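A.B. asks: So that you have it, the file is protein13.cif, and it contains mmCIF, N, CA and C atoms:
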data_data
loop_
_atom_site.label_atom_id
_atom_site.label_comp_id
_atom_site.auth_asym_id
_atom_site.auth_seq_id
_atom_site.Cartn_x
_atom_site.Cartn_y
_atom_site.Cartn_z
N MET S 1 26.96 -3.15 5.65
CA MET S 1 26.53 -1.81 5.27
C MET S 1 26.88 -1.58 3.80
N ALA S 2 26.01 -0.94 3.07
CA ALA S 2 26.23 -0.68 1.65
C ALA S 2 27.29 0.39 1.46
N ASP S 3 27.98 0.31 0.34
CA ASP S 3 28.96 1.33 0.00
C ASP S 3 28.26 2.66 -0.21
N ARG S 4 28.99 3.73 -0.01
CA ARG S 4 28.45 5.07 -0.24
C ARG S 4 28.09 5.17 -1.72
N PRO S 5 26.87 5.63 -2.03
CA PRO S 5 26.47 5.71 -3.44
C PRO S 5 27.28 6.75 -4.21
N LYS S 6 27.45 6.47 -5.48
CA LYS S 6 28.12 7.44 -6.35
C LYS S 6 27.20 8.62 -6.58
N LYS S 7 27.79 9.75 -6.87
CA LYS S 7 27.02 10.97 -7.10
C LYS S 7 26.02 10.78 -8.24
N THR S 8 26.39 9.98 -9.22
CA THR S 8 25.50 9.75 -10.37
C THR S 8 24.31 8.86 -10.02
N ASP S 9 24.36 8.17 -8.86
CA ASP S 9 23.25 7.34 -8.40
C ASP S 9 22.19 8.15 -7.66
N LEU S 10 22.48 9.41 -7.41
CA LEU S 10 21.60 10.24 -6.60
C LEU S 10 20.87 11.27 -7.45
N ILE S 11 19.63 11.54 -7.07
CA ILE S 11 18.85 12.57 -7.78
C ILE S 11 18.25 13.53 -6.75
N PRO S 12 18.10 14.80 -7.12
CA PRO S 12 17.49 15.76 -6.20
C PRO S 12 15.98 15.54 -6.10
N ILE S 13 15.38 16.14 -5.11
CA ILE S 13 13.96 15.95 -4.86
C ILE S 13 13.09 16.40 -6.04
N GLY S 14 13.50 17.45 -6.73
CA GLY S 14 12.74 17.91 -7.89
C GLY S 14 12.71 16.87 -9.01
N GLU S 15 13.84 16.21 -9.22
CA GLU S 15 13.92 15.14 -10.22
C GLU S 15 13.07 13.95 -9.77
N MET S 16 13.11 13.64 -8.48
CA MET S 16 12.28 12.56 -7.95
C MET S 16 10.80 12.88 -8.20
N ALA S 17 10.41 14.11 -7.96
CA ALA S 17 9.03 14.52 -8.19
C ALA S 17 8.66 14.37 -9.67
N ARG S 18 9.54 14.83 -10.53
CA ARG S 18 9.27 14.74 -11.97
C ARG S 18 9.15 13.29 -12.42
N ARG S 19 10.05 12.44 -11.95
CA ARG S 19 10.07 11.04 -12.38
C ARG S 19 8.89 10.23 -11.84
N THR S 20 8.37 10.60 -10.67
CA THR S 20 7.28 9.84 -10.05
C THR S 20 5.91 10.44 -10.31
N GLY S 21 5.89 11.71 -10.75
CA GLY S 21 4.62 12.38 -10.96
C GLY S 21 4.01 12.94 -9.68
N LEU S 22 4.77 12.94 -8.62
CA LEU S 22 4.29 13.46 -7.35
C LEU S 22 4.78 14.88 -7.13
N SER S 23 4.13 15.56 -6.22
CA SER S 23 4.61 16.89 -5.84
C SER S 23 5.78 16.72 -4.87
N VAL S 24 6.58 17.74 -4.76
CA VAL S 24 7.70 17.74 -3.81
C VAL S 24 7.16 17.55 -2.40
N SER S 25 6.02 18.18 -2.09
CA SER S 25 5.46 18.04 -0.75
C SER S 25 5.02 16.60 -0.47
N ALA S 26 4.53 15.89 -1.48
CA ALA S 26 4.16 14.48 -1.30
C ALA S 26 5.39 13.63 -1.01
N ILE S 27 6.49 13.93 -1.68
CA ILE S 27 7.73 13.20 -1.42
C ILE S 27 8.22 13.48 0.00
N ARG S 28 8.12 14.73 0.43
CA ARG S 28 8.49 15.06 1.80
C ARG S 28 7.58 14.33 2.80
N PHE S 29 6.31 14.23 2.47
CA PHE S 29 5.37 13.50 3.32
C PHE S 29 5.80 12.04 3.47
N TYR S 30 6.14 11.39 2.34
CA TYR S 30 6.60 10.00 2.39
C TYR S 30 7.88 9.88 3.20
N GLU S 31 8.74 10.89 3.09
CA GLU S 31 9.96 10.90 3.89
C GLU S 31 9.61 11.02 5.38
N GLU S 32 8.69 11.91 5.71
CA GLU S 32 8.27 12.09 7.10
C GLU S 32 7.69 10.80 7.68
N LYS S 33 7.03 10.01 6.84
CA LYS S 33 6.42 8.75 7.28
C LYS S 33 7.42 7.59 7.23
N ASP S 34 8.68 7.91 6.93
CA ASP S 34 9.76 6.91 6.86
C ASP S 34 9.55 5.87 5.77
N LEU S 35 8.85 6.24 4.71
CA LEU S 35 8.66 5.34 3.58
C LEU S 35 9.83 5.42 2.62
N ILE S 36 10.47 6.56 2.57
CA ILE S 36 11.70 6.75 1.79
C ILE S 36 12.67 7.55 2.66
N GLU S 37 13.94 7.37 2.36
CA GLU S 37 14.95 8.03 3.18
C GLU S 37 16.00 8.69 2.28
N PRO S 38 16.01 10.01 2.26
CA PRO S 38 17.00 10.68 1.42
C PRO S 38 18.38 10.67 2.08
N ILE S 39 19.34 10.93 1.26
CA ILE S 39 20.71 11.15 1.73
C ILE S 39 20.90 12.66 1.73
N ARG S 40 21.45 13.19 2.77
CA ARG S 40 21.66 14.64 2.85
C ARG S 40 23.06 15.00 2.37
N THR S 41 23.11 16.06 1.57
CA THR S 41 24.41 16.57 1.11
C THR S 41 25.04 17.39 2.22
N SER S 42 26.27 17.82 1.99
CA SER S 42 26.94 18.67 2.99
C SER S 42 26.18 19.99 3.16
N GLY S 43 25.41 20.39 2.15
CA GLY S 43 24.58 21.59 2.24
C GLY S 43 23.18 21.29 2.74
N ASN S 44 22.96 20.08 3.25
CA ASN S 44 21.69 19.60 3.80
C ASN S 44 20.57 19.49 2.76
N GLN S 45 20.93 19.33 1.49
CA GLN S 45 19.92 19.11 0.46
C GLN S 45 19.60 17.62 0.37
N ARG S 46 18.35 17.35 0.05
CA ARG S 46 17.93 15.95 -0.10
C ARG S 46 18.41 15.41 -1.44
N ARG S 47 18.93 14.19 -1.39
CA ARG S 47 19.25 13.44 -2.60
C ARG S 47 18.68 12.04 -2.40
N PHE S 48 18.09 11.52 -3.45
CA PHE S 48 17.49 10.21 -3.38
C PHE S 48 18.23 9.25 -4.30
N LEU S 49 18.28 8.01 -3.88
CA LEU S 49 18.81 6.98 -4.76
C LEU S 49 17.85 6.81 -5.93
N ARG S 50 18.39 6.52 -7.10
CA ARG S 50 17.51 6.26 -8.24
C ARG S 50 16.55 5.11 -7.94
N SER S 51 16.98 4.17 -7.14
CA SER S 51 16.10 3.04 -6.79
C SER S 51 14.90 3.49 -5.95
N ASP S 52 14.98 4.68 -5.36
CA ASP S 52 13.82 5.19 -4.61
C ASP S 52 12.64 5.49 -5.52
N ILE S 53 12.89 5.66 -6.81
CA ILE S 53 11.78 5.82 -7.76
C ILE S 53 10.91 4.56 -7.72
N ARG S 54 11.55 3.40 -7.63
CA ARG S 54 10.79 2.15 -7.53
C ARG S 54 10.03 2.06 -6.21
N ARG S 55 10.67 2.51 -5.14
CA ARG S 55 9.97 2.51 -3.85
C ARG S 55 8.72 3.37 -3.91
N VAL S 56 8.86 4.56 -4.47
CA VAL S 56 7.70 5.46 -4.57
C VAL S 56 6.65 4.85 -5.49
N SER S 57 7.07 4.24 -6.57
CA SER S 57 6.11 3.58 -7.46
C SER S 57 5.36 2.48 -6.71
N PHE S 58 6.07 1.72 -5.90
CA PHE S 58 5.42 0.69 -5.09
C PHE S 58 4.41 1.32 -4.14
N ILE S 59 4.77 2.42 -3.51
CA ILE S 59 3.86 3.11 -2.59
C ILE S 59 2.58 3.49 -3.32
N LEU S 60 2.72 4.07 -4.50
CA LEU S 60 1.55 4.51 -5.27
C LEU S 60 0.66 3.33 -5.66
N ILE S 61 1.27 2.25 -6.10
CA ILE S 61 0.51 1.05 -6.48
C ILE S 61 -0.17 0.46 -5.25
N ALA S 62 0.57 0.34 -4.16
CA ALA S 62 0.02 -0.25 -2.94
C ALA S 62 -1.16 0.57 -2.42
N GLN S 63 -1.06 1.89 -2.52
CA GLN S 63 -2.18 2.73 -2.09
C GLN S 63 -3.40 2.50 -2.98
N GLN S 64 -3.17 2.35 -4.28
CA GLN S 64 -4.28 2.07 -5.20
C GLN S 64 -4.92 0.72 -4.88
N LEU S 65 -4.14 -0.22 -4.36
CA LEU S 65 -4.66 -1.54 -3.99
C LEU S 65 -5.36 -1.52 -2.64
N GLY S 66 -5.29 -0.40 -1.95
CA GLY S 66 -5.99 -0.28 -0.68
C GLY S 66 -5.16 -0.51 0.55
N LEU S 67 -3.85 -0.65 0.41
CA LEU S 67 -3.01 -0.83 1.58
C LEU S 67 -2.86 0.48 2.32
N ALA S 68 -2.89 0.41 3.63
CA ALA S 68 -2.68 1.59 4.47
C ALA S 68 -1.19 1.92 4.51
N LEU S 69 -0.88 3.16 4.84
CA LEU S 69 0.53 3.56 4.89
C LEU S 69 1.33 2.70 5.87
N GLY S 70 0.73 2.31 6.97
CA GLY S 70 1.43 1.43 7.92
C GLY S 70 1.78 0.09 7.31
N GLU S 71 0.87 -0.46 6.52
CA GLU S 71 1.13 -1.73 5.84
C GLU S 71 2.23 -1.56 4.80
N ILE S 72 2.20 -0.44 4.10
CA ILE S 72 3.22 -0.15 3.08
C ILE S 72 4.58 0.00 3.75
N GLU S 73 4.61 0.71 4.86
CA GLU S 73 5.87 0.90 5.58
C GLU S 73 6.43 -0.45 6.02
N GLU S 74 5.57 -1.31 6.52
CA GLU S 74 6.00 -2.64 6.96
C GLU S 74 6.63 -3.42 5.81
N GLU S 75 6.03 -3.35 4.64
CA GLU S 75 6.57 -4.06 3.48
C GLU S 75 7.88 -3.44 3.01
N LEU S 76 7.96 -2.13 3.00
CA LEU S 76 9.18 -1.46 2.53
C LEU S 76 10.36 -1.73 3.46
N ARG S 77 10.09 -1.96 4.75
CA ARG S 77 11.18 -2.28 5.67
C ARG S 77 11.88 -3.57 5.28
N LYS S 78 11.20 -4.40 4.50
CA LYS S 78 11.79 -5.67 4.06
C LYS S 78 12.77 -5.47 2.90
N LEU S 79 12.72 -4.31 2.27
CA LEU S 79 13.62 -4.03 1.16
C LEU S 79 14.94 -3.47 1.69
N PRO S 80 16.01 -3.71 0.97
CA PRO S 80 17.32 -3.22 1.43
C PRO S 80 17.45 -1.70 1.27
N GLN S 81 18.03 -1.06 2.25
CA GLN S 81 18.37 0.36 2.13
C GLN S 81 19.78 0.43 1.54
N GLY S 82 19.99 1.35 0.65
CA GLY S 82 21.32 1.57 0.13
C GLY S 82 21.67 0.75 -1.10
N ARG S 83 20.78 -0.13 -1.53
CA ARG S 83 21.02 -0.83 -2.78
C ARG S 83 19.69 -0.98 -3.51
N THR S 84 19.79 -1.10 -4.79
CA THR S 84 18.59 -1.26 -5.60
C THR S 84 17.96 -2.62 -5.32
N PRO S 85 16.67 -2.63 -4.99
CA PRO S 85 16.01 -3.93 -4.78
C PRO S 85 16.07 -4.76 -6.06
N ASN S 86 16.33 -6.05 -5.90
CA ASN S 86 16.38 -6.92 -7.07
C ASN S 86 15.06 -7.67 -7.22
N ALA S 87 14.97 -8.51 -8.22
CA ALA S 87 13.73 -9.24 -8.50
C ALA S 87 13.32 -10.10 -7.31
N ARG S 88 14.26 -10.71 -6.65
CA ARG S 88 13.97 -11.56 -5.49
C ARG S 88 13.36 -10.73 -4.35
N ASP S 89 13.88 -9.51 -4.15
CA ASP S 89 13.33 -8.62 -3.12
C ASP S 89 11.86 -8.31 -3.40
N TRP S 90 11.57 -7.99 -4.65
CA TRP S 90 10.19 -7.63 -5.02
C TRP S 90 9.28 -8.85 -4.96
N GLN S 91 9.80 -10.03 -5.26
CA GLN S 91 8.99 -11.25 -5.16
C GLN S 91 8.57 -11.51 -3.72
N LYS S 92 9.46 -11.25 -2.77
CA LYS S 92 9.11 -11.41 -1.35
C LYS S 92 7.96 -10.49 -0.98
N ILE S 93 8.06 -9.26 -1.43
CA ILE S 93 6.99 -8.28 -1.15
C ILE S 93 5.69 -8.76 -1.80
N SER S 94 5.76 -9.21 -3.02
CA SER S 94 4.58 -9.66 -3.75
C SER S 94 3.89 -10.80 -3.01
N ARG S 95 4.66 -11.77 -2.59
CA ARG S 95 4.09 -12.90 -1.84
C ARG S 95 3.46 -12.44 -0.54
N SER S 96 4.09 -11.49 0.08
CA SER S 96 3.64 -11.00 1.37
C SER S 96 2.27 -10.30 1.28
N ILE S 97 2.08 -9.51 0.24
CA ILE S 97 0.81 -8.77 0.16
C ILE S 97 -0.28 -9.53 -0.60
N ARG S 98 0.08 -10.61 -1.26
CA ARG S 98 -0.89 -11.38 -2.04
C ARG S 98 -2.07 -11.85 -1.19
N SER S 99 -1.81 -12.33 0.00
CA SER S 99 -2.88 -12.82 0.88
C SER S 99 -3.85 -11.69 1.23
N ALA S 100 -3.31 -10.54 1.59
CA ALA S 100 -4.16 -9.40 1.93
C ALA S 100 -4.99 -8.98 0.72
N LEU S 101 -4.38 -9.00 -0.46
CA LEU S 101 -5.10 -8.63 -1.67
C LEU S 101 -6.22 -9.64 -1.97
N ASN S 102 -5.91 -10.92 -1.81
CA ASN S 102 -6.94 -11.94 -2.05
C ASN S 102 -8.12 -11.78 -1.10
N THR S 103 -7.85 -11.42 0.14
CA THR S 103 -8.92 -11.16 1.11
C THR S 103 -9.77 -9.98 0.65
N ARG S 104 -9.11 -8.92 0.21
CA ARG S 104 -9.85 -7.73 -0.26
C ARG S 104 -10.66 -8.06 -1.52
N ILE S 105 -10.09 -8.83 -2.41
CA ILE S 105 -10.80 -9.23 -3.64
C ILE S 105 -12.04 -10.03 -3.28
N ALA S 106 -11.91 -10.97 -2.36
CA ALA S 106 -13.06 -11.79 -1.95
C ALA S 106 -14.15 -10.91 -1.34
N GLN S 107 -13.74 -9.93 -0.54
CA GLN S 107 -14.71 -9.02 0.07
C GLN S 107 -15.41 -8.19 -1.01
N LEU S 108 -14.67 -7.72 -1.97
CA LEU S 108 -15.27 -6.94 -3.07
C LEU S 108 -16.22 -7.80 -3.89
N GLU S 109 -15.84 -9.04 -4.13
CA GLU S 109 -16.72 -9.94 -4.90
C GLU S 109 -18.01 -10.21 -4.13
N ARG S 110 -17.92 -10.44 -2.81
CA ARG S 110 -19.13 -10.64 -2.01
C ARG S 110 -20.02 -9.41 -2.06
N THR S 111 -19.40 -8.25 -1.95
CA THR S 111 -20.16 -7.00 -1.99
C THR S 111 -20.84 -6.85 -3.35
N ARG S 112 -20.10 -7.07 -4.42
CA ARG S 112 -20.66 -6.97 -5.77
C ARG S 112 -21.83 -7.93 -5.95
N ASP S 113 -21.66 -9.17 -5.51
CA ASP S 113 -22.67 -10.18 -5.72
C ASP S 113 -23.93 -9.93 -4.90
N LYS S 114 -23.82 -9.24 -3.78
CA LYS S 114 -24.97 -9.00 -2.93
C LYS S 114 -25.54 -7.60 -3.09
N LEU S 115 -24.91 -6.79 -3.89
CA LEU S 115 -25.29 -5.39 -3.99
C LEU S 115 -26.71 -5.18 -4.50
N ASP S 116 -27.17 -6.01 -5.43
CA ASP S 116 -28.51 -5.84 -5.97
C ASP S 116 -29.60 -6.34 -5.02
N GLY S 117 -29.23 -7.17 -4.09
CA GLY S 117 -30.21 -7.71 -3.15
C GLY S 117 -29.93 -7.17 -1.77
N CYS S 118 -29.95 -8.05 -0.82
CA CYS S 118 -29.67 -7.68 0.56
C CYS S 118 -28.17 -7.48 0.73
N ILE S 119 -27.78 -6.43 1.43
CA ILE S 119 -26.36 -6.23 1.69
C ILE S 119 -25.94 -6.78 3.03
N GLY S 120 -26.87 -7.50 3.68
CA GLY S 120 -26.51 -8.19 4.91
C GLY S 120 -26.35 -7.31 6.12
N CYS S 121 -27.10 -6.22 6.17
CA CYS S 121 -26.93 -5.31 7.29
C CYS S 121 -27.66 -5.75 8.54
N GLY S 122 -28.60 -6.69 8.41
CA GLY S 122 -29.36 -7.13 9.57
C GLY S 122 -30.46 -6.17 9.97
N CYS S 123 -30.84 -5.29 9.07
CA CYS S 123 -31.81 -4.25 9.41
C CYS S 123 -33.25 -4.73 9.44
N LEU S 124 -33.56 -5.80 8.71
CA LEU S 124 -34.92 -6.32 8.60
C LEU S 124 -35.90 -5.31 8.03
N SER S 125 -35.40 -4.27 7.39
CA SER S 125 -36.29 -3.24 6.88
C SER S 125 -36.87 -3.56 5.51
N LEU S 126 -36.25 -4.46 4.77
CA LEU S 126 -36.76 -4.82 3.46
C LEU S 126 -37.66 -6.04 3.58
N THR S 127 -38.62 -6.13 2.72
CA THR S 127 -39.55 -7.25 2.76
C THR S 127 -38.84 -8.58 2.69
N HIS S 128 -37.84 -8.71 1.84
CA HIS S 128 -37.17 -9.99 1.68
C HIS S 128 -36.06 -10.25 2.69
N CYS S 129 -35.86 -9.36 3.63
CA CYS S 129 -34.86 -9.62 4.68
C CYS S 129 -35.24 -10.85 5.49
N GLN S 130 -36.53 -11.18 5.55
CA GLN S 130 -36.94 -12.38 6.27
C GLN S 130 -36.34 -13.62 5.63
N LEU S 131 -36.01 -13.53 4.35
CA LEU S 131 -35.38 -14.67 3.67
C LEU S 131 -33.90 -14.76 4.00
N TYR S 132 -33.24 -13.61 3.99
CA TYR S 132 -31.79 -13.60 4.18
C TYR S 132 -31.38 -13.57 5.64
N ASN S 133 -32.20 -12.98 6.48
CA ASN S 133 -31.81 -12.75 7.87
C ASN S 133 -32.98 -12.99 8.80
N LYS S 134 -33.60 -14.14 8.67
CA LYS S 134 -34.77 -14.49 9.49
C LYS S 134 -34.41 -14.38 10.96
N ASP S 135 -35.28 -13.73 11.71
CA ASP S 135 -35.12 -13.53 13.15
C ASP S 135 -33.83 -12.78 13.50
N ASP S 136 -33.32 -12.02 12.55
CA ASP S 136 -32.15 -11.17 12.78
C ASP S 136 -30.94 -11.96 13.32
N HIS S 137 -30.74 -13.16 12.81
CA HIS S 137 -29.64 -14.00 13.28
C HIS S 137 -28.26 -13.41 12.99
N LEU S 138 -28.16 -12.52 12.02
CA LEU S 138 -26.85 -11.91 11.72
C LEU S 138 -26.38 -10.99 12.84
N ALA S 139 -27.31 -10.46 13.62
CA ALA S 139 -26.93 -9.58 14.73
C ALA S 139 -26.05 -10.30 15.73
N GLU S 140 -26.20 -11.61 15.84
CA GLU S 140 -25.38 -12.39 16.77
C GLU S 140 -23.91 -12.42 16.35
N GLN S 141 -23.64 -12.15 15.08
CA GLN S 141 -22.27 -12.20 14.57
C GLN S 141 -21.55 -10.88 14.72
N GLY S 142 -22.25 -9.86 15.14
CA GLY S 142 -21.63 -8.56 15.33
C GLY S 142 -22.31 -7.46 14.53
N PRO S 143 -21.86 -6.24 14.71
CA PRO S 143 -22.49 -5.11 14.01
C PRO S 143 -22.06 -5.03 12.54
N GLY S 144 -22.80 -4.28 11.80
CA GLY S 144 -22.43 -4.01 10.41
C GLY S 144 -22.93 -5.05 9.45
N PRO S 145 -22.54 -4.91 8.17
CA PRO S 145 -23.02 -5.80 7.10
C PRO S 145 -22.34 -7.16 7.16
N ARG S 146 -22.81 -8.04 8.00
CA ARG S 146 -22.19 -9.34 8.25
C ARG S 146 -22.08 -10.23 7.03
N ASN S 147 -23.09 -10.21 6.15
CA ASN S 147 -23.03 -11.06 4.96
C ASN S 147 -21.87 -10.65 4.05
N VAL S 148 -21.55 -9.40 4.07
CA VAL S 148 -20.47 -8.90 3.20
C VAL S 148 -19.12 -9.01 3.89
N LEU S 149 -19.07 -8.58 5.15
CA LEU S 149 -17.79 -8.61 5.86
C LEU S 149 -17.35 -10.01 6.22
N GLY S 150 -18.28 -10.88 6.38
CA GLY S 150 -17.97 -12.30 6.66
C GLY S 150 -17.65 -12.56 8.08
#
Just dump the structure as structure tokens.
C.D. replies:
Amino acid sequence: MADRPKKTDLIPIGEMARRTGLSVSAIRFYEEKDLIEPIRTSGNQRRFLRSDIRRVSFILIAQQLGLALGEIEEELRKLPQGRTPNARDWQKISRSIRSALNTRIAQLERTRDKLDGCIGCGCLSLTHCQLYNKDDHLAEQGPGPRNVLG
């Protein structure tokens, strides 16, 4: 178990909001979702470790990359509570999400490359769909834009 943090290692929720650019309600939301965990004072006020600024920054970046909150929570559980994550901790997280990001990048590239032509919906409504989806063979692979989703 980590040592009790020094008072100087803790910041109030307003400071956390200012440092991360989030609203206080957004920070409370992340707390409710167990993405961050404040320390309560004897007066029941929230105090956050300074390292929680990095956690929140990770949350914001991960959301921009398209990760769902559940995926973000899973990754954050790998980080230590009560101590500042070090470079090795962040490298583990990076390796862990790299595969998911590469899959999303490949999907985006397929979508981009097919956007001007057929999007692989299997609709047969365009004249040239007979070239891309003759006899509606994509329907056998399942619903939706099969050429894009893969």
A.B. asks: I need every residue sitting at most 8 Å from the point (21.7, 14.9, -4.1) (coordinates as in the file, only N, CA and C atoms considered), written as JSON, numbers by chain.
C.D. replies: {"S": [7, 9, 10, 11, 12, 13, 39, 40, 41, 45, 46, 47, 48, 49]}
A.B. asks: Considering only N, CA and C atoms, can you say which of S:Ala87, S:Ile93, S:Ile53, S:Leu79 comes closest to Met16 of chain S?
C.D. replies: S:Ile53
A.B. asks: Would you work out the distance separating atom CA of Gly142 of chain S from atom CA of Ala100 of chain S, expressed in Å to one decimal?
C.D. replies: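 Separation of atom CA of Gly142 of chain S and atom CA of Ala100 of chain S: 22.0 Å.
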A.B. asks: Using DSSP on the backbone, list every residue of segment 26-85 of chain S that comes out as helix (DSSP H, G or I), and give them as number ranges by chain.
C.D. replies: S: 26-32, 52-64, 69-76
A.B. asks: With distances taken over only C-alpha atoms, which of S:Asp136, S:Leu101, S:Ile36, S:Asp89 is nearest to Gln63 of chain S?
C.D. replies: S:Leu101
A.B. asks: So which residues get picked by the PyMOL selection byres (((chain S and resi 66-73 and name CA) around 9) and name CA) here, written as a list in words?
C.D. replies: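 Written out, the selection comes to Lys33, Asp34, Leu35, Phe58, Ile59, Ile61, Ala62, Gln63, Gln64, Leu65, Glu74, Glu75, Leu76, Arg77, Lys78, Ile97, Ala100, Leu101 and Arg104 of chain S.
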A.B. asks: Considering only C-alpha atoms, can you say which of S:Arg18, S:Arg55, S:Asp113, S:Arg28 comes closest to Pro85 of chain S?
C.D. replies: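 Using only C-alpha atoms, the shortest distance to Pro85 of chain S belongs to S:Arg55.
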A.B. asks: By how many Å are atom CA of Gly43 of chain S and atom C of Ile27 of chain S apart?
C.D. replies: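 Straight-line distance from atom CA of Gly43 of chain S to atom C of Ile27 of chain S works out to 18.4 Å.
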A.B. asks: Do you have the atom N of Ala106 of chain S-atom C of Asn86 of chain S distance handy?
C.D. replies: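 Separation of atom N of Ala106 of chain S and atom C of Asn86 of chain S: 27.6 Å.
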